[in-house]
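final.cif (mmCIF, C-alpha atoms)
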```cif
data_my_file
#
loop_
_atom_site.label_atom_id
_atom_site.label_comp_id
_atom_site.auth_asym_id
_atom_site.auth_seq_id
_atom_site.Cartn_x
_atom_site.Cartn_y
_atom_site.Cartn_z
CA MET A 1 164.08 109.82 102.56
CA LYS A 2 162.15 106.83 103.92
CA LYS A 3 164.10 103.59 103.50
CA GLN A 4 162.42 100.54 101.94
CA ALA A 5 164.54 97.42 102.18
CA ILE A 6 164.89 93.92 100.81
CA LEU A 7 166.48 91.48 103.28
CA VAL A 8 169.00 88.94 101.97
CA GLY A 9 170.33 85.89 103.80
CA VAL A 10 172.57 82.91 103.04
CA ASN A 11 171.90 79.64 104.87
CA VAL A 12 175.40 78.14 105.18
CA ASN A 13 174.90 74.50 106.25
CA ARG A 14 172.84 75.62 109.25
CA ASN A 15 169.67 74.38 110.84
CA GLN A 16 166.76 75.83 108.83
CA GLU A 17 164.80 76.82 111.92
CA ASP A 18 167.74 78.87 113.25
CA PHE A 19 168.16 80.52 109.87
CA GLU A 20 164.52 81.56 109.69
CA TYR A 21 164.78 83.00 113.19
CA ASN A 22 167.89 84.97 112.20
CA MET A 23 166.01 86.47 109.25
CA MET A 24 163.08 87.38 111.50
CA GLU A 25 165.51 89.02 113.91
CA LEU A 26 167.09 90.95 111.01
CA GLU A 27 163.64 92.33 110.19
CA ASN A 28 163.22 93.42 113.83
CA LEU A 29 166.59 95.18 113.63
CA ALA A 30 165.50 96.95 110.46
CA ASN A 31 162.22 98.01 112.10
CA ALA A 32 164.22 99.36 115.06
CA CYS A 33 165.97 101.64 112.53
CA GLU A 34 162.57 102.70 111.13
CA ILE A 35 163.27 100.88 107.85
CA GLU A 36 160.27 99.41 106.03
CA VAL A 37 160.90 95.81 104.95
CA ARG A 38 159.35 95.03 101.54
CA GLY A 39 160.42 91.38 101.38
CA GLN A 40 163.33 88.95 101.61
CA VAL A 41 165.48 86.73 99.40
CA THR A 42 167.33 83.71 100.77
CA GLN A 43 169.72 81.13 99.35
CA ASN A 44 171.15 77.82 100.56
CA LEU A 45 174.88 77.60 99.87
CA PRO A 46 177.79 75.48 101.18
CA HIS A 47 179.61 78.79 101.81
CA MET A 48 179.07 82.49 101.17
CA ASN A 49 180.11 83.85 97.78
CA ARG A 50 183.35 85.75 98.38
CA THR A 51 182.70 88.38 95.73
CA GLN A 52 178.94 88.99 95.95
CA TYR A 53 177.74 87.21 99.14
CA VAL A 54 175.12 85.31 97.07
CA GLY A 55 175.39 83.53 93.73
CA SER A 56 175.35 85.56 90.47
CA GLY A 57 171.90 84.22 89.50
CA LYS A 58 170.52 85.23 92.89
CA VAL A 59 171.98 88.73 92.47
CA GLU A 60 169.87 89.16 89.33
CA GLU A 61 166.79 87.92 91.22
CA ILE A 62 167.44 90.48 93.98
CA ARG A 63 167.89 93.26 91.39
CA LEU A 64 164.51 92.50 89.82
CA PHE A 65 162.86 92.28 93.26
CA VAL A 66 164.35 95.67 94.25
CA GLU A 67 162.84 97.23 91.10
CA GLU A 68 159.48 95.54 91.56
CA ALA A 69 159.19 96.44 95.25
CA GLU A 70 160.48 99.97 94.63
CA ALA A 71 163.07 99.41 97.37
CA ASN A 72 166.14 101.60 97.80
CA LEU A 73 168.12 99.44 100.21
CA VAL A 74 169.37 95.84 100.52
CA ILE A 75 170.31 94.47 103.95
CA ALA A 76 172.46 91.33 104.31
CA ASP A 77 172.13 89.08 107.37
CA ASP A 78 175.92 88.69 107.73
CA GLU A 79 178.89 91.03 108.01
CA LEU A 80 180.09 91.78 104.49
CA SER A 81 183.56 92.63 103.24
CA PRO A 82 184.19 95.99 101.52
CA SER A 83 184.47 94.28 98.13
CA GLN A 84 181.19 92.39 98.63
CA ILE A 85 179.38 95.64 99.46
CA ARG A 86 180.97 97.44 96.51
CA ASN A 87 180.15 94.63 94.05
CA LEU A 88 176.55 94.31 95.24
CA GLU A 89 175.93 98.06 95.08
CA SER A 90 177.33 98.11 91.54
CA GLU A 91 175.08 95.23 90.41
CA LEU A 92 171.93 96.31 92.27
CA ASP A 93 172.29 100.07 91.82
CA CYS A 94 171.20 100.75 95.40
CA GLU A 95 172.66 101.07 98.88
CA VAL A 96 173.75 97.85 100.63
CA LEU A 97 174.03 97.45 104.40
CA ASP A 98 174.97 94.44 106.52
CA ARG A 99 173.73 93.25 109.92
CA THR A 100 176.67 94.89 111.73
CA MET A 101 175.85 98.31 110.26
CA LEU A 102 172.25 97.98 111.45
CA ILE A 103 173.25 97.10 115.00
CA LEU A 104 175.79 99.95 115.08
CA GLU A 105 173.04 102.32 113.93
CA ILE A 106 170.68 101.16 116.68
CA PHE A 107 173.40 101.51 119.32
CA SER A 108 174.20 104.98 118.00
CA ASN A 109 170.54 106.04 118.28
CA ARG A 110 170.08 104.54 121.75
CA ALA A 111 173.31 105.83 123.37
CA LYS A 112 172.55 108.52 125.96
CA THR A 113 175.59 108.93 128.23
CA LYS A 114 178.96 110.28 127.17
CA GLU A 115 180.61 106.92 127.78
CA SER A 116 178.15 104.85 125.73
CA LYS A 117 178.33 107.36 122.86
CA MET A 118 182.12 107.07 122.88
CA GLN A 119 181.93 103.26 123.01
CA VAL A 120 179.63 103.16 119.98
CA GLU A 121 181.79 105.65 118.10
CA ALA A 122 184.93 103.58 118.78
CA ALA A 123 183.18 100.45 117.49
CA ARG A 124 181.93 102.28 114.39
CA LEU A 125 185.38 103.62 113.54
CA LYS A 126 187.00 100.19 114.01
CA TYR A 127 184.39 98.77 111.65
CA MET A 128 185.04 101.51 109.10
CA LEU A 129 188.84 101.30 109.17
CA PRO A 130 189.33 98.26 106.90
CA ARG A 131 186.47 99.44 104.69
CA LEU A 132 188.08 102.64 103.44
CA VAL A 133 188.05 102.33 99.69
CA GLY A 134 189.95 104.95 97.67
CA MET A 135 188.01 106.25 94.69
CA ARG A 136 189.85 107.61 91.62
CA GLU A 137 189.70 111.23 92.75
CA ASP A 138 191.03 110.30 96.19
CA LEU A 139 194.28 108.82 94.93
CA GLY A 140 196.01 112.12 94.12
CA ARG A 141 198.70 112.81 96.70
CA GLN A 142 198.53 115.70 99.14
CA GLY A 143 201.30 118.27 98.84
CA GLY A 144 204.03 117.21 101.22
CA GLY A 145 206.25 120.31 101.27
CA VAL A 146 206.56 124.01 100.44
CA GLY A 147 206.34 125.01 96.76
CA LEU A 148 205.95 122.66 93.81
CA ASN A 149 209.22 120.70 93.98
CA ASN A 150 207.95 118.31 96.68
CA ARG A 151 204.44 117.76 95.30
CA GLY A 152 203.53 114.08 95.53
CA SER A 153 205.63 113.34 98.60
CA GLY A 154 202.65 113.43 100.95
CA GLU A 155 200.02 110.81 101.75
CA THR A 156 197.26 109.53 99.54
CA LYS A 157 193.86 110.67 100.76
CA ILE A 158 192.94 107.14 101.84
CA GLU A 159 196.14 106.97 103.92
CA LEU A 160 195.28 110.33 105.47
CA ASP A 161 191.74 109.18 106.27
CA ARG A 162 193.07 105.96 107.79
CA ARG A 163 195.55 107.84 109.97
CA LYS A 164 192.85 110.26 111.17
CA ILE A 165 190.57 107.37 112.09
CA GLU A 166 193.37 105.56 113.95
CA GLU A 167 194.17 108.75 115.88
CA LYS A 168 190.48 109.19 116.74
CA ILE A 169 190.20 105.57 117.94
CA SER A 170 193.31 106.03 120.10
CA ALA A 171 191.89 109.22 121.65
CA LEU A 172 188.54 107.52 122.36
CA ASN A 173 190.26 104.53 123.97
CA LYS A 174 192.21 106.86 126.30
CA GLU A 175 189.00 108.59 127.37
CA LEU A 176 187.19 105.25 127.85
CA LEU A 177 190.08 104.02 129.99
CA LYS A 178 189.33 106.82 132.47
CA PHE A 179 185.73 105.59 132.80
CA SER A 180 187.00 102.04 133.26
CA GLU A 181 189.43 103.09 136.01
CA HIS A 182 186.67 105.06 137.76
CA ARG A 183 184.42 101.98 137.74
CA ARG A 184 187.28 99.84 139.05
CA THR A 185 187.68 102.25 141.99
CA GLN A 186 183.94 102.04 142.66
CA ARG A 187 184.06 98.22 142.67
CA LYS A 188 186.92 98.23 145.18
CA GLN A 189 184.86 100.48 147.45
CA ARG A 190 181.87 98.15 147.18
CA LYS A 191 184.01 95.16 148.15
CA LYS A 192 185.12 97.08 151.26
CA ASN A 193 181.45 97.53 152.15
CA ASN A 194 181.03 93.75 151.82
CA MET A 195 177.82 94.07 149.77
CA PRO A 196 177.06 91.24 147.29
CA VAL A 197 176.82 92.23 143.62
CA VAL A 198 174.09 90.67 141.46
CA SER A 199 174.17 91.28 137.68
CA LEU A 200 171.19 91.07 135.34
CA VAL A 201 172.23 89.48 132.05
CA GLY A 202 170.36 88.15 129.04
CA TYR A 203 169.20 88.63 125.48
CA THR A 204 168.06 92.08 124.41
CA ASN A 205 164.42 92.87 125.30
CA ALA A 206 164.16 89.94 127.75
CA GLY A 207 162.97 92.27 130.54
CA LYS A 208 166.13 92.98 132.57
CA SER A 209 165.39 96.67 133.15
CA THR A 210 161.73 95.89 133.94
CA LEU A 211 162.87 93.38 136.58
CA MET A 212 165.25 95.93 138.13
CA ASN A 213 162.50 98.57 138.31
CA SER A 214 160.01 96.08 139.78
CA MET A 215 162.51 95.14 142.50
CA LEU A 216 163.17 98.82 143.25
CA ASP A 217 159.40 99.40 143.45
CA THR A 218 158.84 96.40 145.71
CA PHE A 219 161.82 96.58 148.03
CA GLN A 220 163.16 100.14 147.86
CA ASP A 221 160.13 102.38 147.18
CA ASP A 222 162.46 104.74 145.32
CA SER A 223 161.04 105.81 141.96
CA ASP A 224 163.90 108.29 141.41
CA LYS A 225 166.31 105.37 141.02
CA LYS A 226 164.38 103.63 138.24
CA VAL A 227 166.17 102.84 134.99
CA PHE A 228 164.87 103.39 131.46
CA GLU A 229 162.73 100.54 130.14
CA LYS A 230 160.87 100.08 126.87
CA ASP A 231 159.68 97.20 124.70
CA MET A 232 162.38 97.56 122.04
CA LEU A 233 165.77 96.17 121.08
CA PHE A 234 168.74 97.54 123.06
CA ALA A 235 166.74 99.95 125.23
CA THR A 236 169.59 99.77 127.75
CA LEU A 237 173.19 100.52 126.78
CA GLU A 238 174.38 102.07 130.04
CA THR A 239 175.25 99.92 133.04
CA SER A 240 173.13 100.96 136.03
CA VAL A 241 173.91 100.00 139.64
CA ARG A 242 171.23 100.20 142.34
CA LYS A 243 171.17 99.24 146.02
CA VAL A 244 168.26 96.92 146.90
CA ASN A 245 167.26 95.91 150.44
CA ILE A 246 165.83 92.42 149.82
CA ARG A 247 165.53 91.65 153.56
CA ASP A 248 166.30 93.43 156.83
CA GLY A 249 170.07 93.74 156.84
CA MET A 250 170.36 91.93 153.50
CA ARG A 251 171.35 94.50 150.90
CA ILE A 252 172.60 93.78 147.42
CA LEU A 253 173.92 95.86 144.55
CA LEU A 254 171.88 95.07 141.44
CA THR A 255 173.45 95.92 138.08
CA ASP A 256 171.62 96.19 134.76
CA THR A 257 173.74 95.60 131.65
CA VAL A 258 173.46 95.83 127.86
CA GLY A 259 171.57 92.95 126.27
CA PHE A 260 173.03 90.48 123.79
CA ILE A 261 171.91 89.44 120.31
CA ASN A 262 172.92 86.85 117.74
CA LYS A 263 175.96 87.87 115.64
CA LEU A 264 176.68 90.77 118.01
CA PRO A 265 179.56 92.62 116.29
CA HIS A 266 182.88 91.83 117.98
CA HIS A 267 183.81 95.53 117.74
CA LEU A 268 180.83 96.32 120.01
CA VAL A 269 181.68 93.55 122.49
CA LYS A 270 185.23 94.89 122.65
CA ALA A 271 184.11 98.53 122.99
CA PHE A 272 181.64 97.66 125.77
CA ARG A 273 184.00 95.23 127.51
CA SER A 274 184.88 97.67 130.30
CA THR A 275 181.15 98.18 130.96
CA LEU A 276 180.57 94.43 130.96
CA GLU A 277 183.30 94.01 133.59
CA GLU A 278 180.46 94.56 136.08
CA VAL A 279 179.25 91.09 135.05
CA ILE A 280 182.66 89.46 135.54
CA GLU A 281 182.95 90.94 139.06
CA ALA A 282 179.46 89.82 140.16
CA ASP A 283 178.84 87.34 142.99
CA LEU A 284 175.71 86.02 141.25
CA LEU A 285 174.10 86.35 137.80
CA LEU A 286 170.37 86.63 137.16
CA HIS A 287 170.06 85.32 133.60
CA VAL A 288 166.74 86.82 132.43
CA ILE A 289 165.03 84.82 129.66
CA ASP A 290 161.94 85.84 127.66
CA SER A 291 159.96 82.62 128.07
CA SER A 292 157.23 83.95 125.72
CA ASN A 293 159.71 83.95 122.81
CA PRO A 294 159.53 80.61 120.94
CA HIS A 295 163.31 80.78 120.43
CA HIS A 296 164.20 81.50 124.06
CA GLU A 297 166.37 78.39 124.43
CA GLU A 298 168.53 79.53 121.49
CA GLN A 299 168.74 82.99 123.07
CA LYS A 300 169.74 81.43 126.39
CA LYS A 301 172.50 79.38 124.71
CA LEU A 302 173.85 82.39 122.82
CA THR A 303 173.93 84.52 126.00
CA GLU A 304 175.87 81.77 127.78
CA GLU A 305 178.38 81.65 124.91
CA ILE A 306 179.01 85.41 125.17
CA LEU A 307 179.31 85.18 128.97
CA ASN A 308 181.91 82.44 128.53
CA GLN A 309 183.85 84.68 126.13
CA LEU A 310 183.80 87.44 128.76
CA GLY A 311 185.14 85.06 131.41
CA ALA A 312 181.97 84.89 133.53
CA ASN A 313 181.42 81.12 133.19
CA GLY A 314 182.41 80.37 136.82
CA ILE A 315 179.84 82.67 138.45
CA PRO A 316 176.71 81.09 140.04
CA VAL A 317 173.53 81.67 137.97
CA ILE A 318 169.80 81.84 138.64
CA TYR A 319 167.75 81.43 135.44
CA VAL A 320 164.79 83.83 135.56
CA TYR A 321 162.13 82.83 133.01
CA ASN A 322 160.36 86.17 132.61
CA LYS A 323 157.01 86.96 130.88
CA ALA A 324 155.65 83.60 132.03
CA ASP A 325 152.18 85.18 132.13
CA LEU A 326 152.25 85.68 128.35
CA CYS A 327 152.55 81.97 127.61
CA GLY A 328 150.38 80.48 130.36
CA LEU A 329 153.20 79.12 132.55
CA GLN A 330 152.64 78.57 136.26
CA MET A 331 153.82 81.47 138.44
CA PRO A 332 155.75 81.57 140.58
CA SER A 333 157.43 78.24 139.95
CA VAL A 334 160.81 77.42 141.48
CA GLN A 335 162.92 74.43 140.54
CA ASP A 336 166.60 74.17 141.48
CA ASN A 337 168.20 77.34 140.06
CA CYS A 338 165.28 78.25 137.78
CA ILE A 339 162.23 80.43 138.48
CA GLN A 340 159.23 81.53 136.37
CA ILE A 341 158.04 85.09 136.99
CA SER A 342 156.37 88.14 135.47
CA ALA A 343 158.53 91.18 136.18
CA LYS A 344 155.94 93.57 134.74
CA ARG A 345 153.17 92.23 137.00
CA LYS A 346 155.60 91.84 139.96
CA MET A 347 154.69 88.16 140.30
CA GLY A 348 157.36 85.85 141.74
CA LEU A 349 159.60 88.59 143.17
CA GLU A 350 159.23 87.30 146.74
CA GLU A 351 160.30 83.81 145.68
CA LEU A 352 163.19 85.28 143.68
CA THR A 353 164.48 87.23 146.68
CA ASN A 354 164.23 84.05 148.79
CA MET A 355 166.55 82.39 146.26
CA LEU A 356 168.93 85.36 146.43
CA SER A 357 168.93 85.29 150.24
CA ALA A 358 169.65 81.57 150.37
CA ARG A 359 172.61 81.86 147.99
CA LEU A 360 174.13 85.16 149.10
CA PHE A 361 173.47 85.20 152.83
CA ALA A 362 173.79 81.52 153.73
CA ASP A 363 176.56 82.24 156.25
CA MET A 364 174.56 84.69 158.41
CA HIS A 365 175.52 84.51 162.10
CA LYS A 366 173.64 85.67 165.17
CA CYS A 367 176.17 87.63 167.26
CA GLU A 368 176.22 89.89 170.30
CA PHE A 369 178.56 92.89 170.30
CA LEU A 370 179.50 95.53 172.84
CA VAL A 371 180.79 98.52 170.91
CA PRO A 372 182.52 101.44 172.71
CA TYR A 373 180.81 104.80 172.27
CA THR A 374 183.98 106.08 170.61
CA LYS A 375 183.37 103.58 167.78
CA GLY A 376 180.01 104.90 166.63
CA GLU A 377 180.87 104.16 162.97
CA ILE A 378 180.77 100.41 163.78
CA VAL A 379 177.21 100.72 165.13
CA SER A 380 176.27 102.65 161.99
CA TYR A 381 177.84 99.95 159.85
CA PHE A 382 175.81 97.17 161.51
CA THR A 383 172.63 99.25 161.28
CA GLU A 384 173.25 99.68 157.55
CA ASN A 385 174.59 96.23 156.65
CA SER A 386 173.00 93.70 159.02
CA HIS A 387 169.71 92.81 160.67
CA VAL A 388 169.76 94.40 164.14
CA LEU A 389 167.63 92.30 166.52
CA PHE A 390 168.30 94.16 169.78
CA THR A 391 169.95 97.42 170.88
CA ASP A 392 170.75 98.62 174.42
CA TYR A 393 173.03 101.27 175.88
CA LYS A 394 175.33 100.07 178.65
CA GLU A 395 177.88 101.99 180.66
CA GLU A 396 180.72 100.46 178.56
CA GLY A 397 179.10 101.07 175.17
CA THR A 398 176.29 100.04 172.79
CA GLN A 399 175.05 96.47 173.08
CA LEU A 400 173.93 94.95 169.76
CA ILE A 401 172.47 91.58 168.88
CA VAL A 402 172.61 91.23 165.10
CA GLU A 403 172.39 88.76 162.25
CA CYS A 404 175.48 89.48 160.17
CA SER A 405 177.75 87.79 157.66
CA GLY A 406 180.57 85.52 158.74
CA LEU A 407 183.07 88.05 157.37
CA ASP A 408 181.62 90.84 159.54
CA ALA A 409 181.55 88.56 162.57
CA GLU A 410 185.24 87.84 162.04
CA LYS A 411 186.11 91.46 161.23
CA TYR A 412 184.65 92.79 164.51
CA GLU A 413 185.56 89.77 166.64
CA GLN A 414 187.26 91.99 169.29
CA TYR A 415 183.87 93.55 170.15
CA ARG A 416 181.94 90.28 170.41
CA VAL A 417 180.52 89.28 173.78
CA SER A 418 181.59 85.79 174.86
CA GLN A 419 178.75 83.23 174.70
CA ASN A 420 179.92 81.18 177.70
#
```

Would you mind writing the file out in structure tokens?
Amino acid sequence: MKKQAILVGVNVNRNQEDFEYNMMELENLANACEIEVRGQVTQNLPHMNRTQYVGSGKVEEIRLFVEEAEANLVIADDELSPSQIRNLESELDCEVLDRTMLILEIFSNRAKTKESKMQVEAARLKYMLPRLVGMREDLGRQGGGVGLNNRGSGETKIELDRRKIEEKISALNKELLKFSEHRRTQRKQRKKNNMPVVSLVGYTNAGKSTLMNSMLDTFQDDSDKKVFEKDMLFATLETSVRKVNIRDGMRILLTDTVGFINKLPHHLVKAFRSTLEEVIEADLLLHVIDSSNPHHEEQKKLTEEILNQLGANGIPVIYVYNKADLCGLQMPSVQDNCIQISAKRKMGLEELTNMLSARLFADMHKCEFLVPYTKGEIVSYFTENSHVLFTDYKEEGTQLIVECSGLDAEKYEQYRVSQN
């Protein structure tokens, strides 16, 4: 049955502009779940009502609004306790959801890979666990032994449900650990290849996946490697890693990650933490900001808060103000560690890669090597990971003049030709 909802929010001593934005965002979340919003009810309180979320008078107002609007659902802008949900449903005689439930539903619908599905399921179960409420018929005990003498020595149904959920969460965590260990092995291999890692981070729907695809189009010409992109909340849940050749011999690994949102459920952050480790291990962050959104500074601040919680606050950042074409900003415009671009129109990508080159390849050295023919893998390595300026074949081996990183120059020092 089609859902028609009334949105409810409590403004707890917060800035009114932020509160209005949160309510607008809640409507966007509802729309993402294909829920029709019929209206909203808000209340200013010093603190949320512990039993009903809003005051008793406001509950009656919501009940009348639900009847008038012929709605069958009420959605609260905050995470509610089991008792708050139960009390509201009893008073309003309709289903009550909170913001966390909505976000979990969106994540569940968007998850495509086995890992992301398991991450969402683990978060959903952790959310459910404290919300198991035993109804009257559930409180009869399960038979705990053979025959009738031991009846009543088993578990209550709610205890059985709780144990099953805990076992399921434990099994999911074990499976997710395997994915995490596999990614850790991949990261170690990348470090051996000495390739810088750049992570795209930012608010949901800021244009991270569009930027990755535009860079692949511009610098890789590899349409098979494109990631999924769409103008909707949480289009990307899976972390994607792509190799991008931004200059001759200057290759980076670009990672696309799940977007953030205000009041992102901590269960989801915890479940996706292993995926977000790609951010923590990055050499540089591209913080993508939707400059056309009037609340982009609040979104930027919230993203930074989540990055700090993840432990990524010490990583260098370039702030990429995307969608600058939609609000009439000059493009491309570079100032310190900020740049204004349009990822969709591929405007400003050249300037962005110049910024990446300056920060990631500042220690490039021009070196001459003479590599024995028995060490062909070294020649292949330089061809793949540096800018080869000159190649010749001498009697003693392959002569190379390359622009390479200081680490590579030091690593293959024994093959360098003296510059006397």

Target residues per the PyMOL selection byres ((chain A and resi 82) around 9), formatted as an MDAnalysis selection string: chainID A and resid 80:81 83:87 130:133

Nearest candidate to Gln335 (chain A) (options A:Met195, A:Ile103, A:Val320, A:Leu307; using all atoms listed in the file): A:Val320

Under the PyMOL selection byres ((chain A and resi 78) around 10), which residues of this model are included? Write them out as a compact mmCIF listing (two decimals) with C-alpha atoms, in the coordinates of the input.
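Below is the file that was written, selection_27.txt:
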```txt
# COMPACT_ATOMS: atom_id res chain seq x y z
CA VAL A 8 169.00 88.94 101.97
CA GLY A 9 170.33 85.89 103.80
CA VAL A 10 172.57 82.91 103.04
CA ASN A 22 167.89 84.97 112.20
CA LEU A 26 167.09 90.95 111.01
CA MET A 48 179.07 82.49 101.17
CA TYR A 53 177.74 87.21 99.14
CA ILE A 75 170.31 94.47 103.95
CA ALA A 76 172.46 91.33 104.31
CA ASP A 77 172.13 89.08 107.37
CA GLU A 79 178.89 91.03 108.01
CA LEU A 80 180.09 91.78 104.49
CA SER A 81 183.56 92.63 103.24
CA LEU A 97 174.03 97.45 104.40
CA ASP A 98 174.97 94.44 106.52
CA ARG A 99 173.73 93.25 109.92
CA THR A 100 176.67 94.89 111.73
CA MET A 101 175.85 98.31 110.26
CA LYS A 263 175.96 87.87 115.64
```

Result set of the PyMOL selection byres ((chain A and resi 316) around 6) on the coordinates above, as JSON, numbers by chain: {"A": [284, 315, 317]}

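Comparing the minimum interatomic distances between His287 (chain A) and each of A:Tyr321, A:Phe260, A:Phe369, A:Phe219, counting only C-alpha atoms, we find that A:Tyr321 sits nearest.
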
Leu349 (chain A) environment, 10 Å, only C-alpha atoms, sequence neighbours closer than 4 positions dropped, as a PyMOL selection string: chain A and resi 211+214-215+218-219+246+332+339-343+345+353-355

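Considering all atoms listed in the file, the residue among A:Asp18, A:Glu410, A:Glu67, A:Glu105 positioned nearest to His296 (chain A) is A:Asp18.
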
Length of the CA of Arg163 (chain A) to CA of Lys270 (chain A) vector [Å]: 20.9 Å

I want to know what sits within 9 Å of Ala312 (chain A), based on all atoms listed in the file, with residues of the same chain fewer than 4 positions away left out; could you give that as a compact mmCIF listing (two decimals) with C-alpha atoms, keeping the file's coordinate frame?
```
# COMPACT_ATOMS: atom_id res chain seq x y z
CA VAL A 279 179.25 91.09 135.05
CA ILE A 280 182.66 89.46 135.54
CA GLU A 281 182.95 90.94 139.06
CA ALA A 282 179.46 89.82 140.16
CA GLU A 304 175.87 81.77 127.78
CA ILE A 306 179.01 85.41 125.17
CA LEU A 307 179.31 85.18 128.97
CA ASN A 308 181.91 82.44 128.53
```

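Picture a line from CA of Val241 (chain A) to CA of Ala111 (chain A); it runs 17.3 Å.
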
Contacts of Glu25 (chain A) within 12 Å, all atoms listed in the file, excl. fewer than 2 positions in-chain, as an MDAnalysis selection string: chainID A and resid 7 9 18:23 27:32 77 99 102:103 204 233 261:263 293 295 299

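Of the listed residues (A:Leu326, A:Cys33, A:Val66, A:Cys367), A:Cys367 comes nearest to Phe382 (chain A); the distances count only C-alpha atoms.
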
Test item: residues at most 12 Å from Ala69 (chain A), all atoms listed in the file, excluding those fewer than 4 positions along its chain, as a PyMOL selection string: chain A and resi 3-7+36-40+62-65+73-74

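For the pair CA of Arg184 (chain A) and CA of Gln220 (chain A), the separation is 25.7 Å.
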
Closest of A:Leu268, A:Ser240, A:Tyr373, A:Asn13 to Pro46 (chain A) - atom-to-atom distances counting only C-alpha atoms: A:Asn13

Spatial neighbours of Leu176 (chain A), 8 Å, all atoms listed in the file, chain gap at least 4 places, as a VMD selection string: chain A and resid 115 118 to 119 172 180

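Candidate residues A:Val258, A:Val269, A:Met347, A:Leu285 were compared for distance to Asn205 (chain A), and the nearest is A:Val258, using all atoms listed in the file.
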
Padding of 4 Å on every side, edges along x, y and z, all listed atoms of region 322-327 of chain A included: what centre and edge lengths in Å, to one decimal, does that box have, as lines of an AutoDock Vina configuration file?
```
center_x = 156.3
center_y = 84.5
center_z = 130.1
size_x = 16.2
size_y = 13.0
size_z = 13.0
```
